[in-house]
file final-v8.csv (CSV, C-alpha atoms)
chain,number,residue,atom,x,y,z
A,1,GLU,CA,0.0,0.0,0.0
A,2,ASN,CA,1.1,3.6,-0.8
A,3,GLY,CA,4.2,2.3,-2.7
A,4,VAL,CA,5.4,0.4,-5.7
A,5,ILE,CA,7.4,-2.8,-6.2
A,6,GLU,CA,9.8,-1.9,-9.0
A,7,ASN,CA,10.6,-5.5,-9.9
A,8,ALA,CA,7.1,-6.8,-9.4
A,9,ALA,CA,5.9,-10.1,-10.8
A,10,ALA,CA,2.7,-9.9,-12.9
A,11,ASP,CA,0.9,-12.2,-10.5
A,12,ASN,CA,2.5,-10.7,-7.4
A,13,GLU,CA,3.6,-14.1,-6.2
A,14,TYR,CA,7.2,-14.7,-5.1
A,15,GLU,CA,9.3,-17.5,-3.8
A,16,VAL,CA,10.5,-17.2,-0.2
A,17,GLY,CA,13.8,-15.3,-0.2
A,18,THR,CA,13.0,-13.2,-3.2
A,19,VAL,CA,14.4,-9.6,-2.9
A,20,LEU,CA,12.0,-6.9,-4.0
A,21,ASN,CA,12.9,-3.3,-4.7
A,22,ILE,CA,10.3,-1.1,-3.1
A,23,LYS,CA,9.6,2.7,-3.2
A,24,ALA,CA,7.2,4.7,-1.2
A,25,ASP,CA,4.8,7.1,-2.9
A,26,THR,CA,5.1,10.9,-2.3
A,27,LEU,CA,1.8,12.1,-0.8
A,28,PRO,CA,1.0,15.8,-0.5
A,29,GLY,CA,1.1,17.1,3.1
A,30,LYS,CA,2.4,13.7,4.4
A,31,LYS,CA,5.9,12.6,5.6
A,32,PHE,CA,7.0,9.0,5.2
A,33,SER,CA,7.5,7.3,8.6
A,34,GLY,CA,8.4,3.7,7.8
A,35,TRP,CA,7.5,0.4,6.3
A,36,THR,CA,5.5,-2.3,8.0
A,37,VAL,CA,3.8,-5.6,6.9
A,38,SER,CA,0.2,-6.6,7.3
A,39,GLU,CA,-0.8,-8.7,10.3
A,40,GLY,CA,0.4,-12.2,9.9
A,41,GLY,CA,2.8,-11.2,7.1
A,42,ALA,CA,6.4,-12.2,6.9
A,43,GLY,CA,9.6,-10.8,5.5
A,44,THR,CA,12.4,-8.4,6.3
A,45,PHE,CA,13.2,-4.8,5.1
A,46,ALA,CA,16.8,-3.8,4.5
A,47,ASP,CA,16.0,-0.4,5.9
A,48,ASP,CA,12.4,0.1,7.1
A,49,LYS,CA,12.9,3.9,7.5
A,50,ALA,CA,14.1,4.5,3.9
A,51,THR,CA,11.6,5.5,1.2
A,52,GLU,CA,13.6,3.3,-1.3
A,53,THR,CA,14.8,0.0,0.1
A,54,THR,CA,14.5,-3.8,-0.5
A,55,PHE,CA,12.2,-6.4,1.1
A,56,THR,CA,13.0,-10.0,1.4
A,57,VAL,CA,9.9,-12.2,1.0
A,58,GLY,CA,9.0,-14.4,3.9
A,59,ALA,CA,6.9,-17.6,4.2
A,60,ALA,CA,3.4,-16.0,4.4
A,61,ASP,CA,1.0,-14.0,2.3
A,62,THR,CA,2.1,-10.4,3.0
A,63,VAL,CA,1.0,-6.8,2.2
A,64,ILE,CA,3.8,-4.3,2.3
A,65,ILE,CA,2.6,-1.0,3.8
A,66,ALA,CA,4.2,2.5,3.5
A,67,ASN,CA,3.2,4.5,6.5
A,68,TYR,CA,3.0,8.3,6.8
A,69,THR,CA,2.4,11.1,9.3
A,70,ASP,CA,1.0,14.5,8.7
A,71,ILE,CA,3.5,17.3,8.0
A,72,ARG,CA,2.7,20.2,10.3
A,73,TYR,CA,3.1,23.7,8.8
A,74,ALA,CA,3.5,27.0,10.7
A,75,LEU,CA,0.5,29.4,10.9
A,76,ILE,CA,1.6,32.9,11.9
A,77,VAL,CA,-1.2,35.2,13.2
A,78,ASN,CA,0.0,38.8,13.5
A,79,GLY,CA,-2.3,41.0,15.7
A,80,GLY,CA,-4.3,38.1,17.0
A,81,SER,CA,-4.4,34.5,18.5
A,82,GLY,CA,-4.3,31.2,16.7
A,83,ARG,CA,-0.6,30.8,15.9
A,84,GLY,CA,0.7,27.3,15.8
A,85,SER,CA,1.8,24.3,13.7
A,86,TYR,CA,-1.0,22.4,11.9
A,87,ALA,CA,-1.5,19.7,9.3
A,88,ALA,CA,-2.7,21.0,5.9
A,89,GLY,CA,-6.5,21.4,5.9
A,90,THR,CA,-6.9,22.1,9.6
A,91,VAL,CA,-9.6,24.6,10.5
A,92,VAL,CA,-8.1,27.0,13.1
A,93,ASN,CA,-9.9,29.6,15.1
A,94,ILE,CA,-8.3,33.1,15.0
A,95,VAL,CA,-9.3,36.1,17.0
A,96,ALA,CA,-8.0,39.7,16.5
A,97,ASN,CA,-6.4,41.4,19.5
A,98,THR,CA,-8.4,44.1,21.3
A,99,PRO,CA,-7.6,47.3,19.5
A,100,SER,CA,-5.8,50.1,21.3
A,101,GLU,CA,-7.9,53.2,22.2
A,102,GLY,CA,-9.1,55.1,19.1
A,103,MET,CA,-8.4,52.1,16.8
A,104,TYR,CA,-10.8,49.6,15.3
A,105,PHE,CA,-10.5,46.2,13.7
A,106,SER,CA,-10.7,46.6,9.9
A,107,HIS,CA,-10.1,43.2,8.3
A,108,TRP,CA,-7.8,40.2,8.0
A,109,GLU,CA,-5.1,39.9,5.2
A,110,LEU,CA,-3.3,36.9,4.0
A,111,VAL,CA,0.3,38.0,4.0
A,112,ARG,CA,1.9,34.7,2.9
A,113,GLY,CA,0.9,31.2,1.9
A,114,LYS,CA,-2.3,29.7,0.6
A,115,ALA,CA,-4.4,29.5,3.8
A,116,VAL,CA,-8.1,30.4,3.4
A,117,ILE,CA,-9.7,32.9,5.7
A,118,GLU,CA,-13.4,32.2,6.3
A,119,ASP,CA,-14.5,35.8,6.9
A,120,VAL,CA,-12.0,38.6,6.4
A,121,ASN,CA,-14.3,41.2,7.9
A,122,SER,CA,-14.9,39.4,11.2
A,123,PRO,CA,-12.5,39.8,14.1
A,124,SER,CA,-13.3,36.3,15.2
A,125,THR,CA,-13.2,33.8,12.3
A,126,THR,CA,-11.4,30.6,11.1
A,127,VAL,CA,-8.5,29.8,8.8
A,128,THR,CA,-8.1,26.6,6.8
A,129,THR,CA,-4.4,25.9,6.6
A,130,ALA,CA,-2.6,24.8,3.5
A,131,VAL,CA,0.7,23.1,2.5
A,132,GLY,CA,3.6,25.4,3.5
A,133,LEU,CA,4.0,28.4,5.9
A,134,SER,CA,1.1,30.8,6.0
A,135,SER,CA,0.8,34.2,7.7
A,136,VAL,CA,-2.3,36.3,8.4
A,137,GLN,CA,-2.5,39.8,9.6
A,138,ALA,CA,-5.2,41.6,11.6
A,139,VAL,CA,-5.5,45.1,10.2
A,140,PHE,CA,-6.6,47.9,12.4
A,141,SER,CA,-7.6,51.4,11.4
A,142,ASP,CA,-8.2,54.8,12.9
A,143,GLY,CA,-11.8,55.6,13.9
A,144,VAL,CA,-13.9,58.2,12.1
A,145,THR,CA,-15.5,61.3,13.6
A,146,LEU,CA,-19.1,62.2,13.5
A,147,SER,CA,-19.9,65.9,14.1
A,148,VAL,CA,-23.5,66.8,14.9
A,149,ILE,CA,-24.5,70.4,14.4
A,150,ASP,CA,-27.4,71.5,16.5
A,151,GLY,CA,-27.9,68.1,18.0
A,152,GLU,CA,-26.4,65.3,20.1
A,153,GLY,CA,-24.4,62.2,19.0
A,154,SER,CA,-21.0,63.6,18.1
A,155,GLY,CA,-18.0,61.4,18.7
A,156,ASN,CA,-15.6,58.8,17.3
A,157,CYS,CA,-16.7,55.4,16.0
A,158,GLN,CA,-15.7,52.5,13.8
A,159,PRO,CA,-16.1,53.1,10.1
A,160,GLY,CA,-19.4,51.7,9.0
A,161,SER,CA,-20.9,51.8,12.4
A,162,GLU,CA,-24.3,53.2,13.4
A,163,ARG,CA,-24.7,56.1,15.8
A,164,GLU,CA,-27.8,57.6,17.4
A,165,ILE,CA,-28.4,61.3,16.8
A,166,LYS,CA,-30.9,63.7,18.3
A,167,ALA,CA,-31.7,67.2,17.3
A,168,THR,CA,-31.6,70.0,19.9
A,169,VAL,CA,-34.7,72.0,19.0
A,170,PRO,CA,-34.5,75.7,20.0
A,171,ASP,CA,-37.4,77.5,21.5
A,172,GLY,CA,-39.8,78.8,18.9
A,173,TYR,CA,-38.8,76.3,16.3
A,174,VAL,CA,-39.8,72.8,15.2
A,175,PHE,CA,-37.5,70.2,13.7
A,176,TYR,CA,-37.5,70.1,9.9
A,177,LYS,CA,-34.8,67.7,8.7
A,178,TRP,CA,-31.3,66.3,8.8
A,179,THR,CA,-28.7,66.8,6.1
A,180,VAL,CA,-25.1,65.5,5.6
A,181,GLU,CA,-22.9,68.5,5.3
A,182,SER,CA,-19.6,66.7,4.6
A,183,GLY,CA,-18.1,63.2,4.4
A,184,GLU,CA,-19.9,59.9,3.8
A,185,ALA,CA,-22.8,59.1,6.1
A,186,VAL,CA,-26.3,57.7,5.6
A,187,ILE,CA,-29.1,59.0,7.8
A,188,ALA,CA,-31.8,56.4,8.5
A,189,ASN,CA,-34.7,58.9,8.7
A,190,ALA,CA,-33.8,62.4,7.8
A,191,ASN,CA,-37.3,63.6,8.8
A,192,SER,CA,-37.1,62.4,12.4
A,193,ALA,CA,-35.5,64.4,15.1
A,194,SER,CA,-34.2,61.3,16.7
A,195,THR,CA,-32.7,58.8,14.3
A,196,THR,CA,-29.5,56.9,13.5
A,197,VAL,CA,-26.7,57.6,11.0
A,198,THR,CA,-24.2,55.1,9.5
A,199,VAL,CA,-20.8,56.7,9.5
A,200,ASN,CA,-18.5,55.5,6.7
A,201,THR,CA,-16.0,58.3,6.8
A,202,SER,CA,-15.5,61.3,9.1
A,203,ALA,CA,-18.7,63.3,8.5
A,204,THR,CA,-20.8,66.2,9.7
A,205,VAL,CA,-24.6,66.1,9.9
A,206,LYS,CA,-26.8,69.1,10.6
A,207,ALA,CA,-30.2,69.5,12.1
A,208,HIS,CA,-32.5,72.1,10.4
A,209,PHE,CA,-35.4,73.9,12.0
A,210,ILE,CA,-38.3,76.1,10.9
A,211,PRO,CA,-40.0,78.7,13.0
A,212,LEU,CA,-43.0,77.8,15.0
A,213,HIS,CA,-45.9,80.0,13.8
A,214,LYS,CA,-48.2,81.2,16.5
A,215,PRO,CA,-51.7,82.4,15.8
call {"tool": "encode", "arguments": {"input": "final-v8.csv", "output": "structure tokens"}}
result
Amino acid sequence: ENGVIENAAADNEYEVGTVLNIKADTLPGKKFSGWTVSEGGAGTFADDKATETTFTVGAADTVIIANYTDIRYALIVNGGSGRGSYAAGTVVNIVANTPSEGMYFSHWELVRGKAVIEDVNSPSTTVTTAVGLSSVQAVFSDGVTLSVIDGEGSGNCQPGSEREIKATVPDGYVFYKWTVESGEAVIANANSASTTVTVNTSATVKAHFIPLHKP
């Protein structure tokens, strides 16, 4: 199994004492660990740790077996946990480190190798390892700033996050609408004094009012 007899007979039958030249197969992600024979088999190997060797046939029906172990490859996780050595095809949990103040997780990048990241946009995800060294990097970015004119909700946040905003209505006026004055932001309901805004870049939103007419 997992090898070839280079001087094999057509019927695979041999006299006791016949010397066979054997060679182990090369298997992706596997390392040859040695030769054995099937239970009840008989015969001797010249070198049971060599991928190419000879086998002297014994006095019993025998299957010659090439054995393998998994090759373990390094997975480097920069900016997160999950680093280690794994067999190719292993699914590994990776988690980005807690960002420093004012920074936010952005995405994962494959820096080296052929590993596959399940969800590059999630700080907690999995990586399926591949043959060879792989390295992944957690990428962090600065936050964005939301400025609210004539209302509440100003502050720093993660790009793409949603913040609550509330207009501060002056005496003698009623709320009219919200507008985006600068940057990239999406207001959920521009006609509501209390609403939310999705902040994609640093942005400024403004509350507008109209006079309250009295009879």
call {"tool": "atom_distance", "arguments": {"input": "final-v8.csv", "atom1": "atom CA of A:Val120", "atom2": "atom CA of A:Trp108"}}
result
4.8 Å
call {"tool": "residues_around", "arguments": {"input": "final-v8.csv", "residues": "A:Val4", "least_positions_apart": "6", "cutoff": "8 Å", "atoms": "all atoms listed in the file", "output": "ChimeraX atom specification"}}
result
/A:22-25
call {"tool": "residues_around", "arguments": {"input": "final-v8.csv", "residues": "stretch 171-180 of chain A", "least_positions_apart": "6", "cutoff": "7 Å", "atoms": "only C-alpha atoms", "output": "list of chain:residue names"}}
result
A:Ala190, A:Asn191, A:Ser192, A:Ala193, A:Thr204, A:Val205, A:Lys206, A:Ala207, A:His208, A:Phe209, A:Ile210, A:Pro211, A:Leu212
call {"tool": "residues_around", "arguments": {"input": "final-v8.csv", "residues": "stretch 71-84 of chain A", "least_positions_apart": "3", "cutoff": "6 Å", "atoms": "all atoms listed in the file", "output": "tab-separated table (two decimals) with C-alpha atoms, in the coordinates of the input"}}
result
chain	number	residue	atom	x	y	z
A	29	GLY	CA	1.10	17.10	3.10
A	30	LYS	CA	2.40	13.70	4.40
A	31	LYS	CA	5.90	12.60	5.60
A	87	ALA	CA	-1.50	19.70	9.30
A	94	ILE	CA	-8.30	33.10	15.00
A	95	VAL	CA	-9.30	36.10	17.00
A	96	ALA	CA	-8.00	39.70	16.50
A	97	ASN	CA	-6.40	41.40	19.50
A	132	GLY	CA	3.60	25.40	3.50
A	133	LEU	CA	4.00	28.40	5.90
A	134	SER	CA	1.10	30.80	6.00
A	135	SER	CA	0.80	34.20	7.70
A	136	VAL	CA	-2.30	36.30	8.40
A	137	GLN	CA	-2.50	39.80	9.60
A	138	ALA	CA	-5.20	41.60	11.60
call {"tool": "closest_residue", "arguments": {"input": "final-v8.csv", "among": "A:Leu20, A:Ile149, A:Ile5, A:Ala167", "to": "A:Thr195", "atoms": "only C-alpha atoms"}}
result
A:Ala167
call {"tool": "closest_residue", "arguments": {"input": "final-v8.csv", "among": "A:Glu109, A:Glu39, A:Asp48, A:Glu15", "to": "A:Asn67", "atoms": "only C-alpha atoms"}}
result
A:Asp48
call {"tool": "atom_distance", "arguments": {"input": "final-v8.csv", "atom1": "atom CA of A:Ala130", "atom2": "atom CA of A:Thr26"}}
result
16.9 Å
call {"tool": "residues_around", "arguments": {"input": "final-v8.csv", "residues": "stretch 53-60 of chain A", "least_positions_apart": "6", "cutoff": "6 Å", "atoms": "only C-alpha atoms", "output": "PyMOL selection string"}}
result
chain A and resi 16-22+41-47
call {"tool": "closest_residue", "arguments": {"input": "final-v8.csv", "among": "A:Val144, A:Leu110, A:Val127, A:Met103", "to": "A:Thr90", "atoms": "all atoms listed in the file"}}
result
A:Val127
call {"tool": "atom_distance", "arguments": {"input": "final-v8.csv", "atom1": "atom CA of A:Ser38", "atom2": "atom CA of A:Glu6"}}
result
19.5 Å
call {"tool": "closest_residue", "arguments": {"input": "final-v8.csv", "among": "A:Asn156, A:Ser33, A:Ser202, A:Ser122", "to": "A:Ser182", "atoms": "all atoms listed in the file"}}
result
A:Ser202
call {"tool": "residues_around", "arguments": {"input": "final-v8.csv", "residues": "A:Lys166", "least_positions_apart": "2", "cutoff": "7 Å", "atoms": "only C-alpha atoms", "output": "list of chain:residue names"}}
result
A:Gly151, A:Glu152, A:Gly153, A:Glu164, A:Thr168, A:Ala193, A:Ser194, A:Thr195
call {"tool": "closest_residue", "arguments": {"input": "final-v8.csv", "among": "A:Asn12, A:Asn2, A:Asn7, A:Ser85", "to": "A:Ala66", "atoms": "all atoms listed in the file"}}
result
A:Asn2
call {"tool": "build_atoms", "arguments": {"input": "final-v8.csv", "residues": "stretch 33-49 of chain A", "atoms": "N, CA, C and O atoms", "output": "PDB file, in the coordinates of the input"}}
result
ATOM      1  N   SER A  33       7.006   7.662   7.219  1.00  0.00           N
ATOM      2  CA  SER A  33       7.500   7.300   8.600  1.00  0.00           C
ATOM      3  C   SER A  33       8.069   5.920   8.682  1.00  0.00           C
ATOM      4  O   SER A  33       8.712   5.606   9.686  1.00  0.00           O
ATOM      5  N   GLY A  34       7.833   5.073   7.689  1.00  0.00           N
ATOM      6  CA  GLY A  34       8.400   3.700   7.800  1.00  0.00           C
ATOM      7  C   GLY A  34       7.589   2.678   7.094  1.00  0.00           C
ATOM      8  O   GLY A  34       6.424   2.901   6.745  1.00  0.00           O
ATOM      9  N   TRP A  35       8.206   1.525   6.887  1.00  0.00           N
ATOM     10  CA  TRP A  35       7.500   0.400   6.300  1.00  0.00           C
ATOM     11  C   TRP A  35       7.087  -0.604   7.346  1.00  0.00           C
ATOM     12  O   TRP A  35       7.765  -0.814   8.352  1.00  0.00           O
ATOM     13  N   THR A  36       5.936  -1.227   7.141  1.00  0.00           N
ATOM     14  CA  THR A  36       5.500  -2.300   8.000  1.00  0.00           C
ATOM     15  C   THR A  36       4.841  -3.369   7.033  1.00  0.00           C
ATOM     16  O   THR A  36       4.632  -3.111   5.841  1.00  0.00           O
ATOM     17  N   VAL A  37       4.521  -4.543   7.612  1.00  0.00           N
ATOM     18  CA  VAL A  37       3.800  -5.600   6.900  1.00  0.00           C
ATOM     19  C   VAL A  37       2.455  -5.808   7.519  1.00  0.00           C
ATOM     20  O   VAL A  37       2.245  -5.480   8.688  1.00  0.00           O
ATOM     21  N   SER A  38       1.522  -6.356   6.762  1.00  0.00           N
ATOM     22  CA  SER A  38       0.200  -6.600   7.300  1.00  0.00           C
ATOM     23  C   SER A  38       0.260  -7.698   8.379  1.00  0.00           C
ATOM     24  O   SER A  38       1.249  -8.446   8.499  1.00  0.00           O
ATOM     25  N   GLU A  39      -0.783  -7.735   9.206  1.00  0.00           N
ATOM     26  CA  GLU A  39      -0.800  -8.700  10.300  1.00  0.00           C
ATOM     27  C   GLU A  39      -0.701 -10.124   9.751  1.00  0.00           C
ATOM     28  O   GLU A  39      -1.416 -10.505   8.818  1.00  0.00           O
ATOM     29  N   GLY A  40       0.208 -10.870  10.316  1.00  0.00           N
ATOM     30  CA  GLY A  40       0.400 -12.200   9.900  1.00  0.00           C
ATOM     31  C   GLY A  40       1.415 -12.330   8.705  1.00  0.00           C
ATOM     32  O   GLY A  40       1.784 -13.438   8.292  1.00  0.00           O
ATOM     33  N   GLY A  41       1.848 -11.169   8.187  1.00  0.00           N
ATOM     34  CA  GLY A  41       2.800 -11.200   7.100  1.00  0.00           C
ATOM     35  C   GLY A  41       4.192 -11.545   7.535  1.00  0.00           C
ATOM     36  O   GLY A  41       4.504 -11.573   8.731  1.00  0.00           O
ATOM     37  N   ALA A  42       5.056 -11.806   6.570  1.00  0.00           N
ATOM     38  CA  ALA A  42       6.400 -12.200   6.900  1.00  0.00           C
ATOM     39  C   ALA A  42       7.387 -11.670   5.866  1.00  0.00           C
ATOM     40  O   ALA A  42       7.053 -11.505   4.687  1.00  0.00           O
ATOM     41  N   GLY A  43       8.586 -11.350   6.341  1.00  0.00           N
ATOM     42  CA  GLY A  43       9.600 -10.800   5.500  1.00  0.00           C
ATOM     43  C   GLY A  43      10.427  -9.781   6.214  1.00  0.00           C
ATOM     44  O   GLY A  43      10.098  -9.393   7.342  1.00  0.00           O
ATOM     45  N   THR A  44      11.512  -9.339   5.598  1.00  0.00           N
ATOM     46  CA  THR A  44      12.400  -8.400   6.300  1.00  0.00           C
ATOM     47  C   THR A  44      12.735  -7.229   5.301  1.00  0.00           C
ATOM     48  O   THR A  44      12.881  -7.435   4.090  1.00  0.00           O
ATOM     49  N   PHE A  45      12.833  -6.019   5.889  1.00  0.00           N
ATOM     50  CA  PHE A  45      13.200  -4.800   5.100  1.00  0.00           C
ATOM     51  C   PHE A  45      14.733  -4.609   5.366  1.00  0.00           C
ATOM     52  O   PHE A  45      15.242  -4.769   6.480  1.00  0.00           O
ATOM     53  N   ALA A  46      15.418  -4.200   4.296  1.00  0.00           N
ATOM     54  CA  ALA A  46      16.800  -3.800   4.500  1.00  0.00           C
ATOM     55  C   ALA A  46      16.925  -2.575   5.333  1.00  0.00           C
ATOM     56  O   ALA A  46      17.817  -2.471   6.188  1.00  0.00           O
ATOM     57  N   ASP A  47      15.999  -1.611   5.139  1.00  0.00           N
ATOM     58  CA  ASP A  47      16.000  -0.400   5.900  1.00  0.00           C
ATOM     59  C   ASP A  47      14.496   0.078   5.971  1.00  0.00           C
ATOM     60  O   ASP A  47      14.017   0.659   4.997  1.00  0.00           O
ATOM     61  N   ASP A  48      13.817  -0.191   7.087  1.00  0.00           N
ATOM     62  CA  ASP A  48      12.400   0.100   7.100  1.00  0.00           C
ATOM     63  C   ASP A  48      12.083   1.599   7.272  1.00  0.00           C
ATOM     64  O   ASP A  48      10.915   2.001   7.300  1.00  0.00           O
ATOM     65  N   LYS A  49      13.109   2.456   7.371  1.00  0.00           N
ATOM     66  CA  LYS A  49      12.900   3.900   7.500  1.00  0.00           C
ATOM     67  C   LYS A  49      13.251   4.631   6.168  1.00  0.00           C
ATOM     68  O   LYS A  49      13.076   5.842   6.076  1.00  0.00           O
TER      69      LYS A  49
END
